[in-house]
>>> print(open('final17.txt').read())   # compact mmCIF, C-alpha atoms
# COMPACT_ATOMS: atom_id res chain seq x y z
CA MET A 1 0.00 0.00 0.00
CA THR A 2 1.55 3.21 -1.17
CA GLN A 3 1.56 6.21 1.14
CA ASP A 4 2.07 9.82 -0.08
CA PRO A 5 4.86 11.70 1.59
CA GLN A 6 3.70 14.19 4.16
CA GLY A 7 3.84 17.82 3.41
CA PHE A 8 4.14 17.66 -0.39
CA ASP A 9 0.55 18.60 -0.89
CA LYS A 10 0.91 21.89 1.09
CA GLU A 11 1.94 25.10 -0.67
CA PRO A 12 5.18 26.66 0.52
CA GLU A 13 4.77 29.64 2.76
CA VAL A 14 5.94 32.97 1.26
CA PRO A 15 7.13 35.42 3.85
CA ASP A 16 5.20 38.64 3.94
CA ALA A 17 7.06 41.86 3.00
CA GLU A 18 5.83 43.71 6.00
CA ALA A 19 6.91 40.88 8.22
CA ALA A 20 10.33 40.92 6.58
CA ASN A 21 10.66 44.56 7.28
CA GLN A 22 9.65 44.00 10.82
CA ASP A 23 12.22 41.24 11.13
CA LEU A 24 15.14 43.58 10.08
CA PRO A 25 17.49 44.50 12.86
CA ALA A 26 16.87 47.73 14.62
CA GLU A 27 20.29 49.08 13.65
CA SER A 28 19.60 48.81 9.91
CA ALA A 29 16.29 50.58 10.31
CA ALA A 30 17.96 53.41 12.31
CA GLU A 31 20.82 53.97 9.89
CA SER A 32 18.81 55.69 7.15
CA PRO A 33 17.46 58.63 9.18
CA VAL A 34 20.85 59.25 10.89
CA GLU A 35 22.74 59.29 7.61
CA GLY A 36 20.24 61.66 6.12
CA THR A 37 20.49 64.03 9.05
CA ALA A 38 24.35 64.08 8.87
CA ALA A 39 24.28 64.78 5.17
CA ASP A 40 21.84 67.63 5.68
CA ALA A 41 24.04 69.12 8.44
CA ALA A 42 27.17 68.87 6.28
CA ALA A 43 25.37 70.54 3.42
CA GLY A 44 24.26 73.37 5.72
CA ASP A 45 27.71 74.00 7.24
CA ALA A 46 29.66 74.01 3.96
CA VAL A 47 30.91 77.54 2.90
CA PRO A 48 30.31 78.27 -0.74
CA GLU A 49 33.58 78.67 -2.63
CA PRO A 50 34.17 82.11 -4.22
CA PRO A 51 34.16 82.28 -7.97
CA ALA A 52 37.44 81.75 -9.81
CA ALA A 53 37.43 85.34 -11.09
CA ASP A 54 37.44 86.75 -7.54
CA LEU A 55 40.37 84.55 -6.55
CA GLN A 56 42.31 85.74 -9.58
CA ASP A 57 41.63 89.40 -8.71
CA VAL A 58 42.90 88.85 -5.16
CA ALA A 59 46.09 87.25 -6.48
CA VAL A 60 46.68 90.06 -8.96
CA THR A 61 46.12 92.68 -6.24
CA ALA A 62 48.64 90.96 -3.95
CA GLN A 63 51.21 90.83 -6.74
CA LEU A 64 50.60 94.51 -7.54
CA ASP A 65 51.15 95.47 -3.90
CA GLN A 66 54.41 93.54 -3.83
CA ALA A 67 55.54 95.23 -7.05
CA ARG A 68 54.73 98.67 -5.64
CA SER A 69 56.63 97.95 -2.44
CA ALA A 70 59.65 96.75 -4.40
CA LEU A 71 59.46 99.84 -6.64
CA ASN A 72 59.40 102.16 -3.63
CA GLU A 73 62.43 100.43 -2.12
CA ARG A 74 64.37 100.64 -5.38
CA THR A 75 63.40 104.29 -5.79
CA GLN A 76 64.67 105.12 -2.30
CA ASP A 77 67.90 103.24 -2.99
CA LEU A 78 68.35 105.15 -6.22
CA GLN A 79 67.71 108.50 -4.55
CA ARG A 80 70.18 107.66 -1.78
CA LEU A 81 72.83 106.64 -4.30
CA GLN A 82 72.23 109.78 -6.33
CA ALA A 83 72.61 111.98 -3.23
CA GLU A 84 75.83 110.18 -2.28
CA PHE A 85 77.16 110.62 -5.81
CA GLN A 86 76.34 114.35 -5.79
CA ASN A 87 78.15 114.76 -2.45
CA TYR A 88 81.12 112.80 -3.77
CA ARG A 89 81.28 114.90 -6.94
CA ARG A 90 81.14 118.16 -4.98
CA ARG A 91 83.84 116.91 -2.61
CA VAL A 92 86.07 115.87 -5.51
CA GLU A 93 85.54 119.21 -7.24
CA ARG A 94 86.34 121.08 -4.03
CA ASP A 95 89.49 119.02 -3.49
CA ARG A 96 90.52 119.53 -7.12
CA ILE A 97 90.18 123.30 -6.81
CA ALA A 98 92.10 123.30 -3.52
CA VAL A 99 94.94 121.25 -5.01
CA LYS A 100 95.07 123.55 -8.02
CA GLU A 101 95.21 126.65 -5.82
CA VAL A 102 98.02 125.15 -3.72
CA ALA A 103 100.00 124.22 -6.84
CA VAL A 104 99.57 127.69 -8.36
CA ALA A 105 100.48 129.35 -5.06
CA ASN A 106 103.64 127.25 -4.76
CA LEU A 107 104.67 128.10 -8.32
CA LEU A 108 104.03 131.83 -7.93
CA THR A 109 105.80 131.87 -4.57
CA GLU A 110 108.94 130.65 -6.33
CA LEU A 111 108.55 133.45 -8.88
CA LEU A 112 108.26 136.25 -6.30
CA PRO A 113 112.02 136.94 -6.14
CA VAL A 114 112.05 137.33 -9.94
CA LEU A 115 109.13 139.74 -9.75
CA ASP A 116 110.95 141.69 -7.03
CA ASP A 117 114.00 142.02 -9.31
CA ILE A 118 111.77 143.25 -12.13
CA GLY A 119 110.25 145.84 -9.81
CA ARG A 120 113.66 147.11 -8.67
CA ALA A 121 114.87 147.30 -12.24
CA ARG A 122 111.79 149.35 -13.15
CA ASP A 123 112.39 151.71 -10.22
CA HIS A 124 115.99 152.31 -11.34
CA GLY A 125 115.07 152.79 -15.00
CA GLU A 126 116.84 149.63 -16.11
CA LEU A 127 113.72 147.93 -17.55
CA VAL A 128 114.34 148.63 -21.24
CA GLY A 129 114.57 146.83 -24.55
CA GLY A 130 113.88 143.13 -24.84
CA PHE A 131 114.21 142.63 -21.10
CA LYS A 132 111.25 144.96 -20.59
CA HIS A 133 109.10 142.93 -22.99
CA VAL A 134 110.00 139.65 -21.24
CA ALA A 135 109.39 141.14 -17.80
CA GLU A 136 105.99 142.52 -18.76
CA SER A 137 105.00 139.17 -20.31
CA LEU A 138 105.95 137.36 -17.11
CA GLU A 139 103.94 139.80 -15.00
CA MET A 140 100.95 139.38 -17.32
CA VAL A 141 101.08 135.58 -17.02
CA ALA A 142 101.30 135.82 -13.23
CA ALA A 143 98.28 138.14 -13.19
CA LYS A 144 96.28 135.71 -15.35
CA MET A 145 97.05 132.99 -12.81
CA GLY A 146 95.44 135.15 -10.11
CA LEU A 147 98.47 136.86 -8.59
CA ALA A 148 97.72 140.38 -7.37
CA GLN A 149 100.16 142.88 -5.88
CA PHE A 150 99.22 145.09 -2.96
CA GLY A 151 100.85 147.60 -0.65
CA LYS A 152 100.91 151.37 -1.26
CA GLU A 153 102.33 154.31 0.59
CA GLY A 154 99.79 156.18 2.68
CA GLU A 155 97.45 153.30 3.41
CA PRO A 156 96.67 152.38 7.05
CA PHE A 157 98.84 149.71 8.57
CA ASP A 158 97.11 146.33 8.83
CA PRO A 159 99.08 143.63 10.67
CA MET A 160 97.11 140.96 8.79
CA ILE A 161 98.61 141.96 5.42
CA HIS A 162 101.58 144.18 6.35
CA GLU A 163 104.88 143.36 7.98
CA ALA A 164 106.51 146.39 9.61
CA LEU A 165 110.29 146.45 9.17
CA MET A 166 110.81 150.11 10.06
CA HIS A 167 109.12 152.34 12.62
CA SER A 168 109.07 156.09 13.09
CA TYR A 169 106.96 159.03 14.30
CA SER A 170 105.54 161.67 12.04
CA PRO A 171 103.46 164.79 12.63
CA ASP A 172 101.77 164.28 9.26
CA VAL A 173 99.82 161.13 10.22
CA THR A 174 96.90 160.61 12.55
CA GLU A 175 97.16 156.83 12.73
CA THR A 176 99.73 154.13 12.12
CA THR A 177 100.40 154.48 8.41
CA CYS A 178 102.55 152.78 5.81
CA VAL A 179 104.95 155.49 4.69
CA GLN A 180 107.43 153.31 2.79
CA ILE A 181 106.97 150.10 0.77
CA LEU A 182 110.12 148.05 1.09
CA GLN A 183 108.72 144.99 -0.64
CA PRO A 184 105.24 144.66 -2.14
CA GLY A 185 102.86 141.97 -0.96
CA TYR A 186 101.12 139.40 -3.12
CA ARG A 187 97.85 137.54 -2.83
CA ILE A 188 95.87 134.98 -4.81
CA GLY A 189 92.19 135.68 -4.41
CA ASP A 190 91.64 136.10 -0.68
CA ARG A 191 94.79 134.19 0.25
CA THR A 192 97.88 136.20 1.10
CA ILE A 193 101.00 134.38 -0.03
CA ARG A 194 103.38 137.15 1.15
CA PRO A 195 102.68 140.21 3.31
CA ALA A 196 103.83 143.63 2.22
CA ARG A 197 107.01 144.66 4.02
CA VAL A 198 106.72 148.31 4.92
CA GLY A 199 108.01 151.12 7.02
CA VAL A 200 105.36 152.62 9.30
CA ALA A 201 104.95 155.92 11.05
CA GLU A 202 102.85 156.75 14.09
CA PRO A 203 101.53 160.12 15.22
CA GLN A 204 104.15 162.06 17.15
CA PRO A 205 103.44 161.64 20.86
CA GLY A 206 102.60 164.76 22.89
CA LYS A 207 102.23 167.11 19.91
CA PRO A 208 98.55 168.08 20.48
CA ALA A 209 99.24 168.80 24.17
CA GLU A 210 102.26 171.03 23.37
CA GLN A 211 100.22 173.04 20.88
CA GLU A 212 97.45 173.60 23.44
CA GLU A 213 99.99 174.79 26.03
CA SER A 214 101.78 177.14 23.64
CA ALA A 215 98.59 178.98 22.66
CA PRO A 216 97.86 180.42 26.17
CA GLU A 217 101.49 181.46 26.59
CA LYS A 218 101.31 183.63 23.46
CA ASP A 219 98.10 185.23 24.66
CA ASN A 220 99.55 185.99 28.10
CA GLY A 221 102.76 187.39 26.70
CA GLY A 222 100.96 189.80 24.37
CA GLY A 223 99.09 191.60 27.19
CA PRO A 224 102.04 193.27 28.94
CA ASP A 225 103.61 194.34 25.65
CA GLU A 226 100.46 196.11 24.66
CA GLY A 227 100.14 197.76 28.06
>>> encode(input="final17.txt", output="structure tokens")
Amino acid sequence: MTQDPQGFDKEPEVPDAEAANQDLPAESAAESPVEGTAADAAAGDAVPEPPAADLQDVAVTAQLDQARSALNERTQDLQRLQAEFQNYRRRVERDRIAVKEVAVANLLTELLPVLDDIGRARDHGELVGGFKHVAESLEMVAAKMGLAQFGKEGEPFDPMIHEALMHSYSPDVTETTCVQILQPGYRIGDRTIRPARVGVAEPQPGKPAEQEESAPEKDNGGGPDEG
């Protein structure tokens, strides 16, 4: 006797979808809302990036500021160098002029004895002929180089430019006066390279007092004669 196997006639049970969802673990069901909330928070906190054009303008502005700063520094350096060069050029020019003046003064100082001989020859009437022409040419060259003669009779004595070699008293002067030029002085510009050697005279001491005393004596003497 054949027996049918048990359970083959029953239809298989299909699990219900709602039951499947209910059977899911609690963690899986909780993950979806949490992930959604985190994504929304991240989206809310994110700062929008500036456009590319604005970033380029910022970079160009920064580079321009750097270029201006560098230009100002180079300009100041150039101005400082220019000022130093101007000071150096003025100092060199001043030193060059000073050296030239010293060299000319040294040369003319060596020529002073020759000029003195020419002056003495002129005073004695010996400056004639070709010697006169040469002497005058030498004096002209010395004058072109800046040499000037000074010292004349009758001028007040100045110890800064005169050297007194002779001293006397004279009733014809009211102050210390150069009455004789023994050797003329020479200067170049404002620089005296040799003082004038002179003889000086001072007012005669006591002369005004003697004159005042003599006048009353004449008046007193005339009275008795008339009487």
>>> closest_residue(input="final17.txt", among="A:Ala103, A:Ala70, A:Ile118, A:Val198", to="Asp158 (chain A)", atoms="only C-alpha atoms")
A:Val198
>>> atom_distance(input="final17.txt", atom1="CA of Val104 (chain A)", atom2="CA of Gln149 (chain A)")
15.4 Å
>>> atom_distance(input="final17.txt", atom1="CA of Ile193 (chain A)", atom2="CA of Glu126 (chain A)")
27.2 Å
>>> residues_around(input="final17.txt", residues="Glu139 (chain A)", least_positions_apart="4", cutoff="12 Å", atoms="only C-alpha atoms", output="PyMOL selection string")
chain A and resi 108+111-112+114-119+132-135+143-149
>>> atom_distance(input="final17.txt", atom1="CA of Glu153 (chain A)", atom2="CA of Leu182 (chain A)")
10.0 Å
>>> closest_residue(input="final17.txt", among="A:Gly199, A:Glu73, A:Arg191, A:Ala142", to="Ala98 (chain A)", atoms="all atoms listed in the file")
A:Arg191
>>> residues_near_point(input="final17.txt", point="(100.6, 153.0, 8.0)", cutoff="10 Å", atoms="only C-alpha atoms", output="PyMOL selection string")
chain A and resi 152-159+162+164+167+173-180+198-202
>>> decode(input="final17.txt", residues="region 87-113 of chain A", atoms="N, CA and C atoms", output="compact mmCIF listing (two decimals), in the first residue's frame")
# COMPACT_ATOMS: atom_id res chain seq x y z
N ASN A 87 77.23 114.34 -3.51
CA ASN A 87 78.15 114.76 -2.45
C ASN A 87 79.59 114.41 -2.81
N TYR A 88 79.77 113.21 -3.37
CA TYR A 88 81.12 112.80 -3.77
C TYR A 88 81.66 113.71 -4.88
N ARG A 89 80.82 114.04 -5.85
CA ARG A 89 81.28 114.90 -6.94
C ARG A 89 81.63 116.30 -6.45
N ARG A 90 80.81 116.85 -5.53
CA ARG A 90 81.14 118.16 -4.98
C ARG A 90 82.42 118.11 -4.17
N ARG A 91 82.62 117.02 -3.41
CA ARG A 91 83.84 116.91 -2.61
C ARG A 91 85.07 116.79 -3.52
N VAL A 92 84.95 116.01 -4.58
CA VAL A 92 86.07 115.87 -5.51
C VAL A 92 86.37 117.19 -6.20
N GLU A 93 85.32 117.91 -6.59
CA GLU A 93 85.54 119.21 -7.24
C GLU A 93 86.19 120.20 -6.28
N ARG A 94 85.74 120.20 -5.03
CA ARG A 94 86.34 121.08 -4.03
C ARG A 94 87.81 120.74 -3.78
N ASP A 95 88.10 119.44 -3.69
CA ASP A 95 89.49 119.02 -3.49
C ASP A 95 90.35 119.37 -4.71
N ARG A 96 89.77 119.22 -5.90
CA ARG A 96 90.52 119.53 -7.12
C ARG A 96 90.88 121.02 -7.16
N ILE A 97 89.91 121.86 -6.81
CA ILE A 97 90.18 123.30 -6.81
C ILE A 97 91.23 123.65 -5.75
N ALA A 98 91.13 123.03 -4.58
CA ALA A 98 92.10 123.30 -3.52
C ALA A 98 93.51 122.88 -3.94
N VAL A 99 93.62 121.71 -4.56
CA VAL A 99 94.94 121.25 -5.01
C VAL A 99 95.49 122.18 -6.08
N LYS A 100 94.62 122.62 -6.97
CA LYS A 100 95.07 123.55 -8.02
C LYS A 100 95.55 124.86 -7.42
N GLU A 101 94.81 125.40 -6.44
CA GLU A 101 95.21 126.65 -5.82
C GLU A 101 96.55 126.50 -5.10
N VAL A 102 96.75 125.38 -4.42
CA VAL A 102 98.02 125.15 -3.72
C VAL A 102 99.17 125.06 -4.72
N ALA A 103 98.94 124.35 -5.84
CA ALA A 103 100.00 124.22 -6.84
C ALA A 103 100.35 125.57 -7.46
N VAL A 104 99.31 126.36 -7.78
CA VAL A 104 99.57 127.69 -8.36
C VAL A 104 100.28 128.58 -7.36
N ALA A 105 99.85 128.52 -6.09
CA ALA A 105 100.48 129.35 -5.06
C ALA A 105 101.95 128.96 -4.88
N ASN A 106 102.24 127.68 -4.91
CA ASN A 106 103.64 127.25 -4.76
C ASN A 106 104.49 127.73 -5.94
N LEU A 107 103.92 127.65 -7.15
CA LEU A 107 104.67 128.10 -8.32
C LEU A 107 104.92 129.61 -8.26
N LEU A 108 103.88 130.38 -7.95
CA LEU A 108 104.03 131.83 -7.93
C LEU A 108 104.93 132.28 -6.78
N THR A 109 104.90 131.53 -5.69
CA THR A 109 105.80 131.87 -4.57
C THR A 109 107.26 131.77 -5.00
N GLU A 110 107.57 130.78 -5.83
CA GLU A 110 108.94 130.65 -6.33
C GLU A 110 109.30 131.77 -7.30
N LEU A 111 108.29 132.38 -7.92
CA LEU A 111 108.55 133.45 -8.88
C LEU A 111 108.62 134.83 -8.23
N LEU A 112 108.27 134.94 -6.95
CA LEU A 112 108.26 136.25 -6.30
C LEU A 112 109.62 136.95 -6.31
N PRO A 113 110.72 136.25 -6.05
CA PRO A 113 112.02 136.94 -6.14
C PRO A 113 112.29 137.52 -7.53
